[in-house]
Amino acid sequence: MKSATTMACLIRRPSTLHGFESRLVATARYRSPAGRLFPASSRPTRSLSPKTRYYSSTSTDAVQNGDFSALKVQQSRLMDTLHQTCAFGTGKRWGREETETGMSRLALSDSDKQARDWFVETTKALGCKVTVDAMGNTFAVRPGRREGPATFAGSHLDTQPSGGRYDGILGIQAGIEMLNVLKDHQVETEFPVGVVNWTNEEGARFPMSMSSSGVWAEEIPLEQAHNLQEVGGGTATMKSELERIGYLGSIPASYRSMPMAAHFELHIEQGPILETEQQKVGVVKGVQAYKWFTVEVNGRDAHTGTTPLKSRADAMLLAARLITHSHRLATKHGAVASTGILTLSPGSTNTIPGHVSFTLDIRAPADATVEAMEADVKRDFAALAAGSNIDGLLAHSTPGKPLSVDFRTDFVSPATLFHPDCIAAVRASAEAVTGNASLVRNMTSGAGHDSVYASRRCPTSMIFVPSKNGVSHNPEEYTSPEDCAIGAEVLLQSVLRYDRLRAAQ
């Protein structure tokens, strides 16, 4: 006998895939206590013909009525699977326990292939149809009662070279756990639901973060992404590595070929706020703006012993001043600025560097703030290169020869606002799972995520859980098993609430 359910939370698809023709009914309007999406008196109803009527178990009936309390994440299964799959690309050890290591699973590496193969095998075993696109994005879709685009849980399996076990990985594992819970309870959603693993979110090996979700959204050209060359002097490109590991898919990397009804992403906060405020869940309303630059400082190579200070065009000395000044400007604008890569030449102990190249990452909640800081940076960097004493940076030092500074813009990500219906689904789920609205807070993400590009083509939101000491992109990155399970349960409920919202339209 076929068991049924309905759960859903979205709306009618648009006549084109560029946007919705009408606003969705806000989930919050129907939210009630005790984990229900709709109060019994106000829940929309619709008649089912004998052909479409299903018999369902007690737990499925409860879900159909908007009660998700019976659907519980298995914390031990979630964490065991997470740690077992961290054998694919284990990184630096930081503690004595078996799981106290970081991760080094660079995009499209052999270890990434192992993780991808596991993802495909696991999701197929859970009843999903798996599709791989031309960027290696891997979509696992579990069918629903009705046909239509799936509501996805998404994140990424690639990591930083010296990363942790939770960034991106938790979101994928929580999506797998969602599929497990639905199977455990024989729940059939109204529309398909799925899990997507996005390629090269980190941008650590191929230097463009979120590159493959960007291609899917048709915001980044396929050829540009395919031609990205690996950092560190290697010759591999994204396309050559996709071919090598067998993940150059046959369908176009586009929202037109693989439309999504909605995208929900569970992620560690990567900052200290939730832990400091002793809260459990962040309802992410958007992502701050950021720009990446490469700054080229051009001076003159010279002998360190025979060249007086006043005769030097020391590119490294100027670069140090520029980086220091970027921090001061970030403080002034209420922004953040960081340099993560710095190279110099010729690289000899007794030669004054004549050339330095460094990256500059500027972020702020508003596009206007990033633009204002960019203008100040370019103005002041040029003045410092010419020898001006900006903010006392040349105090108590010997003026040298003029240098030049050139900028290249590498990446631009405007501020993103997520969809109110997805935000409402996450908040309703977070309050139901925690049982206490004071443990839930609205947040803006300081980091970029694949949800940024997903939000350009479908309703989207994110869920944050606490990061110990606010640490991420570090082997010691850690989120407690309890908090991982809370986040996974919020993700599960958010997807189901959105599926029910779709069913109600």
# chains A, B, ... in the order shown; residues from 1 in each chain; ligands from 1
>>> residues_around(residues="A:Phe358", least_positions_apart="3", cutoff="12 Å", atoms="only C-alpha atoms", output="PyMOL selection string")
chain A and resi 292-298+315-316+318-320+322-323+338-345+355+361+405-408+410
>>> residues_around(residues="A:Asn200", least_positions_apart="2", cutoff="9 Å", atoms="only C-alpha atoms", output="ChimeraX atom specification")
/A:106-108,156-159,198,202-213
>>> residues_around(residues="A:Met178", least_positions_apart="4", cutoff="7 Å", atoms="only C-alpha atoms", output="PyMOL selection string")
chain A and resi 174+182+492
>>> residues_around(residues="stretch 283-291 of chain A", least_positions_apart="6", cutoff="8 Å", atoms="only C-alpha atoms", output="PyMOL selection string")
chain A and resi 361-367+370+409-419+423+426-427+430+440-448+452+461-464
>>> closest_atom_pairs(of="stretch 48-165 of chain A", to="stretch 470-473 of chain A", cutoff="12 Å", atoms="only C-alpha atoms", output="Markdown table")
| residue | atom | partner | partner_atom | distance |
| --- | --- | --- | --- | --- |
| A:Gly91 | CA | A:His473 | CA | 11.9 |
| A:Gly102 | CA | A:His473 | CA | 9.2 |
| A:Met103 | CA | A:His473 | CA | 9.4 |
| A:Ser104 | CA | A:His473 | CA | 10.4 |
| A:Asp158 | CA | A:His473 | CA | 11.8 |
| A:Thr159 | CA | A:His473 | CA | 8.2 |
| A:Gln160 | CA | A:His473 | CA | 6.3 |
| A:Pro161 | CA | A:His473 | CA | 8.6 |
| A:Ser162 | CA | A:His473 | CA | 6.8 |
| A:Gly163 | CA | A:His473 | CA | 4.5 |
| A:Gly164 | CA | A:His473 | CA | 6.2 |
| A:Arg165 | CA | A:Ser472 | CA | 9.5 |
>>> write_last_selection(atoms="N, CA, C and O atoms", output="mmCIF file, in the first residue's frame")
data_model
loop_
_atom_site.group_PDB
_atom_site.id
_atom_site.type_symbol
_atom_site.label_atom_id
_atom_site.label_comp_id
_atom_site.auth_asym_id
_atom_site.auth_seq_id
_atom_site.Cartn_x
_atom_site.Cartn_y
_atom_site.Cartn_z
ATOM 1 N N GLY A 91 42.669 16.069 6.622
ATOM 2 C CA GLY A 91 43.725 17.074 6.668
ATOM 3 C C GLY A 91 44.532 17.047 7.955
ATOM 4 O O GLY A 91 44.743 15.985 8.561
ATOM 5 N N GLY A 102 41.436 18.170 10.534
ATOM 6 C CA GLY A 102 40.799 19.043 9.573
ATOM 7 C C GLY A 102 40.583 18.312 8.267
ATOM 8 O O GLY A 102 40.634 17.080 8.192
ATOM 9 N N MET A 103 40.308 19.086 7.221
ATOM 10 C CA MET A 103 40.054 18.532 5.900
ATOM 11 C C MET A 103 40.894 19.256 4.856
ATOM 12 O O MET A 103 41.160 20.457 4.980
ATOM 13 N N SER A 104 41.287 18.500 3.823
ATOM 14 C CA SER A 104 41.965 19.073 2.667
ATOM 15 C C SER A 104 41.413 18.367 1.430
ATOM 16 O O SER A 104 42.072 17.521 0.824
ATOM 17 N N ASP A 158 33.515 20.276 -1.266
ATOM 18 C CA ASP A 158 34.914 20.684 -1.332
ATOM 19 C C ASP A 158 35.265 21.537 -0.121
ATOM 20 O O ASP A 158 34.402 22.155 0.505
ATOM 21 N N THR A 159 36.545 21.585 0.226
ATOM 22 C CA THR A 159 37.010 22.313 1.407
ATOM 23 C C THR A 159 38.198 23.207 1.060
ATOM 24 O O THR A 159 38.737 23.160 -0.043
ATOM 25 N N GLN A 160 38.600 23.982 2.042
ATOM 26 C CA GLN A 160 39.838 24.733 1.950
ATOM 27 C C GLN A 160 41.037 23.781 2.076
ATOM 28 O O GLN A 160 40.890 22.643 2.542
ATOM 29 N N PRO A 161 42.237 24.213 1.672
ATOM 30 C CA PRO A 161 43.416 23.340 1.803
ATOM 31 C C PRO A 161 43.681 22.934 3.246
ATOM 32 O O PRO A 161 44.164 21.837 3.514
ATOM 33 N N SER A 162 43.363 23.823 4.168
ATOM 34 C CA SER A 162 43.522 23.536 5.590
ATOM 35 C C SER A 162 42.218 23.890 6.290
ATOM 36 O O SER A 162 42.166 24.745 7.169
ATOM 37 N N GLY A 163 41.156 23.215 5.864
ATOM 38 C CA GLY A 163 39.822 23.513 6.364
ATOM 39 C C GLY A 163 39.371 22.550 7.443
ATOM 40 O O GLY A 163 40.140 21.742 7.964
ATOM 41 N N GLY A 164 38.074 22.655 7.777
ATOM 42 C CA GLY A 164 37.504 21.822 8.823
ATOM 43 C C GLY A 164 36.483 20.842 8.289
ATOM 44 O O GLY A 164 36.273 20.724 7.076
ATOM 45 N N ARG A 165 35.807 20.165 9.219
ATOM 46 C CA ARG A 165 34.889 19.078 8.885
ATOM 47 C C ARG A 165 33.441 19.517 8.706
ATOM 48 O O ARG A 165 32.584 18.656 8.469
#
>>> closest_residue(among="A:Leu403, A:Met373, A:Val356, A:Val281", to="A:Ser311", atoms="only C-alpha atoms")
A:Leu403
>>> closest_residue(among="A:Ala115, A:Leu266, A:Val141, A:Leu179", to="A:Thr199", atoms="only C-alpha atoms")
A:Ala115
>>> residues_around(residues="A:Arg379", least_positions_apart="3", cutoff="12 Å", atoms="only C-alpha atoms", output="VMD selection string")
chain A and resid 322 325 to 326 329 372 to 376 382 to 386 388 390 405 to 407
>>> atom_distance(atom1="atom CA of A:Gln493", atom2="atom CA of A:Thr99")
28.4 Å
>>> decode(residues="stretch 211-224 of chain A", atoms="all heavy atoms", output="compact mmCIF listing (two decimals), in the first residue's frame")
# COMPACT_ATOMS: atom_id res chain seq x y z
N SER A 211 31.74 29.21 -8.21
CA SER A 211 31.79 29.31 -9.66
C SER A 211 30.71 28.49 -10.35
O SER A 211 30.12 28.92 -11.35
CB SER A 211 33.17 28.89 -10.17
OG SER A 211 33.51 27.59 -9.71
N SER A 212 30.41 27.30 -9.82
CA SER A 212 29.51 26.41 -10.54
C SER A 212 28.04 26.74 -10.30
O SER A 212 27.21 26.60 -11.21
CB SER A 212 29.80 24.96 -10.16
OG SER A 212 31.14 24.64 -10.51
N SER A 213 27.71 27.20 -9.10
CA SER A 213 26.35 27.71 -8.90
C SER A 213 26.15 28.98 -9.71
O SER A 213 25.05 29.26 -10.20
CB SER A 213 26.06 27.96 -7.42
OG SER A 213 27.00 28.84 -6.83
N GLY A 214 27.24 29.73 -9.90
CA GLY A 214 27.17 30.93 -10.73
C GLY A 214 26.90 30.61 -12.19
O GLY A 214 26.15 31.31 -12.88
N VAL A 215 27.50 29.51 -12.68
CA VAL A 215 27.21 29.08 -14.05
C VAL A 215 25.76 28.60 -14.14
O VAL A 215 25.05 28.93 -15.09
CB VAL A 215 28.19 27.97 -14.49
CG1 VAL A 215 27.79 27.43 -15.86
CG2 VAL A 215 29.62 28.51 -14.54
N TRP A 216 25.31 27.82 -13.15
CA TRP A 216 23.92 27.34 -13.13
C TRP A 216 22.94 28.51 -13.19
O TRP A 216 21.91 28.45 -13.88
CB TRP A 216 23.68 26.51 -11.87
CG TRP A 216 22.25 26.12 -11.66
CD1 TRP A 216 21.63 25.01 -12.17
CD2 TRP A 216 21.25 26.84 -10.93
NE1 TRP A 216 20.30 24.99 -11.79
CE2 TRP A 216 20.04 26.10 -11.03
CE3 TRP A 216 21.26 28.02 -10.19
CZ2 TRP A 216 18.86 26.52 -10.43
CZ3 TRP A 216 20.08 28.45 -9.59
CH2 TRP A 216 18.90 27.70 -9.71
N ALA A 217 23.25 29.60 -12.49
CA ALA A 217 22.39 30.77 -12.49
C ALA A 217 22.54 31.63 -13.75
O ALA A 217 21.84 32.62 -13.92
CB ALA A 217 22.67 31.63 -11.26
N GLU A 218 23.46 31.23 -14.64
CA GLU A 218 23.80 31.98 -15.85
C GLU A 218 24.31 33.38 -15.54
O GLU A 218 24.11 34.33 -16.29
CB GLU A 218 22.61 32.02 -16.83
CG GLU A 218 22.21 30.64 -17.33
CD GLU A 218 21.17 30.66 -18.44
OE1 GLU A 218 20.76 31.76 -18.88
OE2 GLU A 218 20.76 29.57 -18.88
N GLU A 219 25.03 33.47 -14.42
CA GLU A 219 25.70 34.71 -14.04
C GLU A 219 27.19 34.66 -14.37
O GLU A 219 27.85 35.70 -14.44
CB GLU A 219 25.52 34.96 -12.54
CG GLU A 219 24.07 35.11 -12.08
CD GLU A 219 23.52 36.50 -12.31
OE1 GLU A 219 24.33 37.44 -12.43
OE2 GLU A 219 22.29 36.65 -12.37
N ILE A 220 27.73 33.46 -14.54
CA ILE A 220 29.13 33.26 -14.91
C ILE A 220 29.14 32.43 -16.19
O ILE A 220 28.51 31.38 -16.25
CB ILE A 220 29.91 32.53 -13.80
CG1 ILE A 220 29.96 33.39 -12.53
CG2 ILE A 220 31.33 32.20 -14.26
CD1 ILE A 220 30.56 32.66 -11.33
N PRO A 221 29.85 32.86 -17.23
CA PRO A 221 29.88 32.09 -18.48
C PRO A 221 30.54 30.73 -18.29
O PRO A 221 31.54 30.61 -17.57
CB PRO A 221 30.72 32.97 -19.42
CG PRO A 221 30.63 34.36 -18.85
CD PRO A 221 30.55 34.16 -17.37
N LEU A 222 29.98 29.72 -18.92
CA LEU A 222 30.51 28.36 -18.80
C LEU A 222 31.97 28.29 -19.22
O LEU A 222 32.80 27.67 -18.52
CB LEU A 222 29.67 27.40 -19.66
CG LEU A 222 30.16 25.95 -19.73
CD1 LEU A 222 30.03 25.27 -18.38
CD2 LEU A 222 29.39 25.17 -20.80
N GLU A 223 32.30 28.92 -20.32
CA GLU A 223 33.67 28.85 -20.82
C GLU A 223 34.66 29.45 -19.83
O GLU A 223 35.76 28.92 -19.61
CB GLU A 223 33.78 29.57 -22.17
CG GLU A 223 35.16 29.46 -22.81
CD GLU A 223 35.24 30.12 -24.18
OE1 GLU A 223 34.23 30.73 -24.61
OE2 GLU A 223 36.30 30.02 -24.82
N GLN A 224 34.27 30.57 -19.22
CA GLN A 224 35.15 31.20 -18.22
C GLN A 224 35.41 30.26 -17.05
O GLN A 224 36.55 30.11 -16.59
CB GLN A 224 34.51 32.50 -17.71
CG GLN A 224 35.35 33.22 -16.66
CD GLN A 224 34.65 34.45 -16.10
OE1 GLN A 224 33.55 34.79 -16.50
NE2 GLN A 224 35.30 35.12 -15.16
